[in-house]
file query.cif (mmCIF, C-alpha atoms, pLDDT in the B column; chains and numbers go by the auth columns)
data_my_file
#
loop_
_atom_site.group_PDB
_atom_site.id
_atom_site.type_symbol
_atom_site.label_atom_id
_atom_site.label_comp_id
_atom_site.label_asym_id
_atom_site.label_seq_id
_atom_site.Cartn_x
_atom_site.Cartn_y
_atom_site.Cartn_z
_atom_site.B_iso_or_equiv
_atom_site.auth_seq_id
_atom_site.auth_asym_id
ATOM 1 C CA MET A 1 0.000 0.000 0.000 65.00 1 P
ATOM 2 C CA ALA A 2 1.392 3.396 -1.015 74.00 2 P
ATOM 3 C CA THR A 3 0.398 5.085 2.239 72.00 3 P
ATOM 4 C CA LEU A 4 2.506 2.692 4.288 79.00 4 P
ATOM 5 C CA ASP A 5 5.446 3.368 1.958 89.00 5 P
ATOM 6 C CA LEU A 6 5.007 7.095 2.626 88.00 6 P
ATOM 7 C CA ILE A 7 4.959 6.556 6.372 91.00 7 P
ATOM 8 C CA SER A 8 8.073 4.395 6.130 93.00 8 P
ATOM 9 C CA SER A 9 9.795 7.042 4.021 94.00 9 P
ATOM 10 C CA GLY A 10 8.819 9.737 6.514 94.00 10 P
ATOM 11 C CA LEU A 11 10.162 7.701 9.420 95.00 11 P
ATOM 12 C CA ALA A 12 13.436 7.125 7.577 96.00 12 P
ATOM 13 C CA SER A 13 13.744 10.864 6.957 96.00 13 P
ATOM 14 C CA VAL A 14 13.075 11.662 10.615 96.00 14 P
ATOM 15 C CA ARG A 15 15.653 9.072 11.683 97.00 15 P
ATOM 16 C CA GLN A 16 18.246 10.444 9.255 97.00 16 P
ATOM 17 C CA GLY A 17 17.588 13.988 10.478 97.00 17 P
ATOM 18 C CA GLN A 18 18.021 12.871 14.077 96.00 18 P
ATOM 19 C CA ASN A 19 21.321 11.182 13.241 96.00 19 P
ATOM 20 C CA ARG A 20 22.531 14.328 11.471 96.00 20 P
ATOM 21 C CA MET A 21 21.526 16.496 14.440 96.00 21 P
ATOM 22 C CA SER A 22 23.202 14.125 16.884 96.00 22 P
ATOM 23 C CA GLY A 23 26.474 14.200 14.967 94.00 23 P
ATOM 24 C CA ALA A 24 26.408 17.982 14.648 94.00 24 P
ATOM 25 C CA ALA A 25 25.559 18.406 18.328 94.00 25 P
ATOM 26 C CA SER A 26 28.470 16.201 19.369 93.00 26 P
ATOM 27 C CA ASP A 27 30.782 18.226 17.117 91.00 27 P
ATOM 28 C CA ILE A 28 29.546 21.453 18.707 90.00 28 P
ATOM 29 C CA ALA A 29 30.005 20.030 22.212 90.00 29 P
ATOM 30 C CA ARG A 30 33.475 18.785 21.336 87.00 30 P
ATOM 31 C CA ALA A 31 34.435 22.276 20.119 84.00 31 P
ATOM 32 C CA ALA A 32 34.136 23.516 23.696 79.00 32 P
ATOM 33 C CA LEU A 33 36.722 21.008 24.922 76.00 33 P
ATOM 34 C CA PRO A 34 40.304 22.191 25.363 74.00 34 P
ATOM 35 C CA VAL A 35 42.696 20.928 22.696 65.00 35 P
ATOM 36 C CA ASP A 36 45.075 18.328 24.101 62.00 36 P
ATOM 37 C CA PRO A 37 47.576 17.164 21.469 57.00 37 P
ATOM 38 C CA ALA A 38 48.699 14.238 23.639 58.00 38 P
ATOM 39 C CA ALA A 39 45.197 12.758 23.763 55.00 39 P
ATOM 40 C CA THR A 40 44.250 11.600 20.282 51.00 40 P
ATOM 41 C CA THR A 41 41.362 9.400 21.376 54.00 41 P
ATOM 42 C CA ALA A 42 39.147 9.215 24.415 56.00 42 P
ATOM 43 C CA GLN A 43 36.428 6.907 25.662 58.00 43 P
ATOM 44 C CA PRO A 44 33.344 8.640 27.069 59.00 44 P
ATOM 45 C CA ALA A 45 32.066 7.335 30.385 63.00 45 P
ATOM 46 C CA GLN A 46 28.488 6.608 31.332 64.00 46 P
ATOM 47 C CA PRO A 47 27.322 9.149 33.929 66.00 47 P
ATOM 48 C CA ALA A 48 25.710 6.607 36.258 64.00 48 P
ATOM 49 C CA THR A 49 28.408 3.926 36.365 66.00 49 P
ATOM 50 C CA GLY A 50 31.580 5.651 35.220 61.00 50 P
ATOM 51 C CA GLN A 51 32.315 2.714 32.919 64.00 51 P
ATOM 52 C CA ALA A 52 33.214 3.189 29.267 60.00 52 P
ATOM 53 C CA ALA A 53 30.087 3.988 27.239 58.00 53 P
ATOM 54 C CA ALA A 54 31.420 2.894 23.869 56.00 54 P
ATOM 55 C CA SER A 55 33.710 0.131 22.747 55.00 55 P
ATOM 56 C CA THR A 56 35.160 2.259 19.955 50.00 56 P
ATOM 57 C CA PRO A 57 37.321 5.277 20.759 53.00 57 P
ATOM 58 C CA VAL A 58 36.003 8.752 20.011 53.00 58 P
ATOM 59 C CA GLU A 59 38.310 11.042 18.061 57.00 59 P
ATOM 60 C CA THR A 60 38.786 14.286 19.972 56.00 60 P
ATOM 61 C CA SER A 61 41.787 15.794 18.192 60.00 61 P
ATOM 62 C CA ARG A 62 39.958 16.536 14.927 64.00 62 P
ATOM 63 C CA PRO A 63 39.322 20.281 14.498 72.00 63 P
ATOM 64 C CA VAL A 64 35.686 21.372 14.564 77.00 64 P
ATOM 65 C CA ASN A 65 34.221 24.049 12.325 87.00 65 P
ATOM 66 C CA LEU A 66 31.310 25.507 14.286 91.00 66 P
ATOM 67 C CA VAL A 67 29.693 27.086 11.227 93.00 67 P
ATOM 68 C CA ASP A 68 29.544 23.754 9.407 93.00 68 P
ATOM 69 C CA SER A 69 28.258 22.031 12.536 93.00 69 P
ATOM 70 C CA LEU A 70 25.509 24.613 13.043 95.00 70 P
ATOM 71 C CA VAL A 71 24.482 24.304 9.384 95.00 71 P
ATOM 72 C CA GLU A 72 24.367 20.500 9.768 95.00 72 P
ATOM 73 C CA LEU A 73 22.239 20.935 12.904 96.00 73 P
ATOM 74 C CA GLN A 74 19.726 23.107 11.043 97.00 74 P
ATOM 75 C CA GLN A 75 19.664 20.763 8.050 97.00 75 P
ATOM 76 C CA GLY A 76 18.979 17.836 10.365 97.00 76 P
ATOM 77 C CA ARG A 77 16.146 19.748 12.029 97.00 77 P
ATOM 78 C CA GLN A 78 14.588 20.603 8.675 97.00 78 P
ATOM 79 C CA GLU A 79 15.001 17.028 7.474 97.00 79 P
ATOM 80 C CA ALA A 80 13.241 15.693 10.570 97.00 80 P
ATOM 81 C CA GLU A 81 10.454 18.267 10.181 97.00 81 P
ATOM 82 C CA ALA A 82 9.999 17.326 6.518 96.00 82 P
ATOM 83 C CA GLY A 83 9.763 13.652 7.469 96.00 83 P
ATOM 84 C CA ALA A 84 7.179 14.481 10.127 96.00 84 P
ATOM 85 C CA SER A 85 5.162 16.421 7.533 96.00 85 P
ATOM 86 C CA VAL A 86 5.248 13.420 5.193 95.00 86 P
ATOM 87 C CA ILE A 87 3.971 11.204 8.023 94.00 87 P
ATOM 88 C CA ASP A 88 1.165 13.689 8.839 95.00 88 P
ATOM 89 C CA THR A 89 0.118 13.889 5.195 93.00 89 P
ATOM 90 C CA ALA A 90 0.136 10.101 4.807 92.00 90 P
ATOM 91 C CA ASP A 91 -1.966 9.821 7.961 92.00 91 P
ATOM 92 C CA GLU A 92 -4.497 12.314 6.607 92.00 92 P
ATOM 93 C CA VAL A 93 -4.657 10.497 3.267 90.00 93 P
ATOM 94 C CA LEU A 94 -5.147 7.160 4.999 89.00 94 P
ATOM 95 C CA GLY A 95 -7.886 8.669 7.178 90.00 95 P
ATOM 96 C CA THR A 96 -9.634 10.121 4.137 91.00 96 P
ATOM 97 C CA LEU A 97 -9.441 6.774 2.312 87.00 97 P
ATOM 98 C CA LEU A 98 -10.925 4.992 5.310 87.00 98 P
ATOM 99 C CA ASP A 99 -13.739 7.552 5.535 88.00 99 P
ATOM 100 C CA VAL A 100 -14.524 7.220 1.834 90.00 100 P
ATOM 101 C CA THR A 101 -14.589 3.419 1.886 86.00 101 P
ATOM 102 C CA ALA A 102 -16.541 3.143 5.144 75.00 102 P
#

call {"tool": "encode", "arguments": {"input": "query.cif", "output": "structure tokens"}}
result
Amino acid sequence: MATLDLISSGLASVRQGQNRMSGAASDIARAALPVDPAATTAQPAQPATGQAAASTPVETSRPVNLVDSLVELQQGRQEAEAGASVIDTADEVLGTLLDVTA
């Protein structure tokens, strides 16, 4: 059914927008960290337990361009909003089809 494909496409767009925003937000947060040339990688700790949160190291020595990160953040927001609009439209179409056939 085409409506379910639209909902799936909208959800994928929302998910992709969230991933883009998450990456940009972590870049922005990392920009506030002091530059330590000796530390090329770090492992973030979980706040509750203090244990390593990820099994893969996080690169902290890479320079961050705040302008690019802010643009990525806005693009992710717009992408998620567009996906949500697609889901709303598909829901309205499905509701209209159900009303017409009922």

call {"tool": "residues_around", "arguments": {"input": "query.cif", "residues": "P:Asn65", "least_positions_apart": "3", "cutoff": "10 Å", "atoms": "only C-alpha atoms", "output": "list in words"}}
result
Asp27, Ile28, Ala31, Arg62, Asp68, Ser69 and Leu70 of chain P

call {"tool": "atom_distance", "arguments": {"input": "query.cif", "atom1": "atom CA of P:Ser85", "atom2": "atom CA of P:Ala2"}}
result
16.0 Å

call {"tool": "residues_around", "arguments": {"input": "query.cif", "residues": "P:Gln18", "least_positions_apart": "3", "cutoff": "7 Å", "atoms": "all atoms listed in the file", "output": "list in words"}}
result
Val14, Arg15, Met21, Ser22, Gly76 and Ala80 of chain P

call {"tool": "atom_distance", "arguments": {"input": "query.cif", "atom1": "atom CA of P:Arg20", "atom2": "atom CA of P:Ala32"}}
result
19.2 Å

call {"tool": "closest_residue", "arguments": {"input": "query.cif", "among": "P:Leu11, P:Leu4, P:Val67, P:Glu72", "to": "P:Gly23", "atoms": "all atoms listed in the file"}}
result
P:Glu72

call {"tool": "resolve_selection", "arguments": {"input": "query.cif", "expression": "the PyMOL selection byres ((chain P and resi 91) around 12)", "output": "ChimeraX atom specification"}}
result
/P:2-8,10,84-90,92-98
